[in-house]
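Working notes, beginning with the structure itself.
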Amino acid sequence: MAQQLIRETIVSLRSAGQAALERLHASPLCAHLKGLEPYVAPSLQSKTQLALLGIAGFFVLRIVLASFWGAKNEQFSMGKVRRRAIATKRKFTPRELAEFDGKDASTPLYMGVQGIVYDVSESRHFYGPEGPYCNFAGRDATRGLAMSTFDSSILSDLDAPVDRLDDLNGTERATLEEWVEFFAGKYTPVGTLVDPPAAPKKDQ
């Protein structure tokens, strides 16, 4: 399927490129360039070379205008993603969060990332039972995201306090921050992750 998509994309690009060249040959710009043929080097006198020259000039002009007025189609940056406000005040312990692991299709699928619980139901194909990141469903995925590992051994015990991540190094913290910005921009927060209640002390 992926190979078919790639082939279709290449065909579409070729068709678009051919159409662009045909429109350029018929444009006043190309006619003007043809008038300059006696004054340019012989290597630029063919129609194809003139078309390429016109295309290059178009992109140069576009870059200059974009730098003057400001690029409107700014490249995506995780650091510029707007964080969404948490709509509810619900607090999840790790064990309560585990109830939303996506195994029941009628319930939402939640994930914890640096203390925030997100509804990732729209990406059930990634985080659901059959997805490649199913180990993160209903769990605190923070450490795994920071360390770029999706193995279940990285997950904390459900009855343990929330992972404080004190041992992460600089690279891992930078990676985590990118993930935090990604989740904050893409998914809706539904609550916060809190420590489970302390176990009652046994009488001595």
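Residues in the structure tokens are numbered from 1 in each chain, the chains being A, B, ... in the order shown, and ligands are numbered from 1 in the order shown.
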
Pick out the residues sitting within 12 Å of Ser106 in chain A, and hand them over as a ChimeraX atom specification; count only C-alpha atoms, and ignore anything fewer than 6 positions along from it in its own chain. /A:100,121,124

Those same residues - all heavy atoms - I'd like them written as a PDB file, in the first residue's frame.
ATOM      1  N   PHE A 100      -8.715   3.146  31.669  1.00  0.00           N
ATOM      2  CA  PHE A 100      -8.965   3.723  30.339  1.00  0.00           C
ATOM      3  C   PHE A 100      -7.868   3.295  29.371  1.00  0.00           C
ATOM      4  O   PHE A 100      -7.211   4.130  28.738  1.00  0.00           O
ATOM      5  CB  PHE A 100      -9.031   5.248  30.455  1.00  0.00           C
ATOM      6  CG  PHE A 100     -10.129   5.734  31.349  1.00  0.00           C
ATOM      7  CD1 PHE A 100      -9.894   5.929  32.705  1.00  0.00           C
ATOM      8  CD2 PHE A 100     -11.400   5.976  30.846  1.00  0.00           C
ATOM      9  CE1 PHE A 100     -10.899   6.371  33.540  1.00  0.00           C
ATOM     10  CE2 PHE A 100     -12.414   6.415  31.678  1.00  0.00           C
ATOM     11  CZ  PHE A 100     -12.175   6.612  33.027  1.00  0.00           C
ATOM     12  N   SER A 121      -8.122   9.106  22.364  1.00  0.00           N
ATOM     13  CA  SER A 121      -9.032   8.184  21.676  1.00  0.00           C
ATOM     14  C   SER A 121      -8.955   8.318  20.168  1.00  0.00           C
ATOM     15  O   SER A 121      -9.125   7.335  19.438  1.00  0.00           O
ATOM     16  CB  SER A 121     -10.472   8.428  22.143  1.00  0.00           C
ATOM     17  OG  SER A 121     -10.593   8.270  23.534  1.00  0.00           O
ATOM     18  N   ARG A 124      -6.517   5.849  18.472  1.00  0.00           N
ATOM     19  CA  ARG A 124      -6.654   4.471  18.975  1.00  0.00           C
ATOM     20  C   ARG A 124      -5.843   3.491  18.145  1.00  0.00           C
ATOM     21  O   ARG A 124      -5.389   2.466  18.650  1.00  0.00           O
ATOM     22  CB  ARG A 124      -8.132   4.069  18.976  1.00  0.00           C
ATOM     23  CG  ARG A 124      -8.469   2.825  19.772  1.00  0.00           C
ATOM     24  CD  ARG A 124      -9.974   2.593  19.784  1.00  0.00           C
ATOM     25  NE  ARG A 124     -10.657   3.606  20.567  1.00  0.00           N
ATOM     26  CZ  ARG A 124     -10.947   3.479  21.861  1.00  0.00           C
ATOM     27  NH1 ARG A 124     -10.604   2.375  22.503  1.00  0.00           N
ATOM     28  NH2 ARG A 124     -11.582   4.436  22.496  1.00  0.00           N
TER      29      ARG A 124
END

Smallest atom-to-atom distance to Lys103 in chain A: which of A:Glu122, A:Asp157, A:Glu130, A:Glu178, using only C-alpha atoms?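 Smallest separation from Lys103 in chain A among the options: A:Glu130.
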
Give the answer as one residue: which of A:Leu145, A:Val180, A:Val117, A:Ala105 has the shortest atom-to-atom distance to Phe92 in chain A, using only C-alpha atoms?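 For Phe92 in chain A, the nearest of the candidates is A:Val117.
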
As a PyMOL selection string, please: all residues of range 127-158 of chain A that backbone DSSP puts in alpha helix (DSSP H). chain A and resi 127+142-147

Write the selection just made, keeping C-alpha atoms, as a tab-separated table (two decimals), in the first residue's frame?
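Writing done, so here's selection_10.tsv:
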chain	number	residue	atom	x	y	z
A	127	TYR	CA	-2.36	3.50	21.43
A	142	THR	CA	6.36	10.07	30.56
A	143	ARG	CA	9.51	8.07	31.21
A	144	GLY	CA	9.11	5.98	28.07
A	145	LEU	CA	8.70	9.07	25.90
A	146	ALA	CA	11.73	10.74	27.48
A	147	MET	CA	13.92	7.68	26.96

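CA of Gln114 in chain A lies 8.9 Å from CA of Arg164 in chain A.
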
Go through A:Tyr187, A:Lys89, A:Ala174, A:Thr107 and flag the residue nearest Gly138 in chain A, using only C-alpha atoms for the distances.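 Of A:Tyr187, A:Lys89, A:Ala174, A:Thr107, the one nearest Gly138 in chain A is A:Thr107, counting only C-alpha atoms.
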
CA of Phe136 in chain A to CA of Ser153 in chain A measures 11.1 Å

Pick from A:Tyr110, A:Tyr133, A:Phe126, A:Trp179 nearest to Glu96 in chain A, counting only C-alpha atoms: A:Tyr110
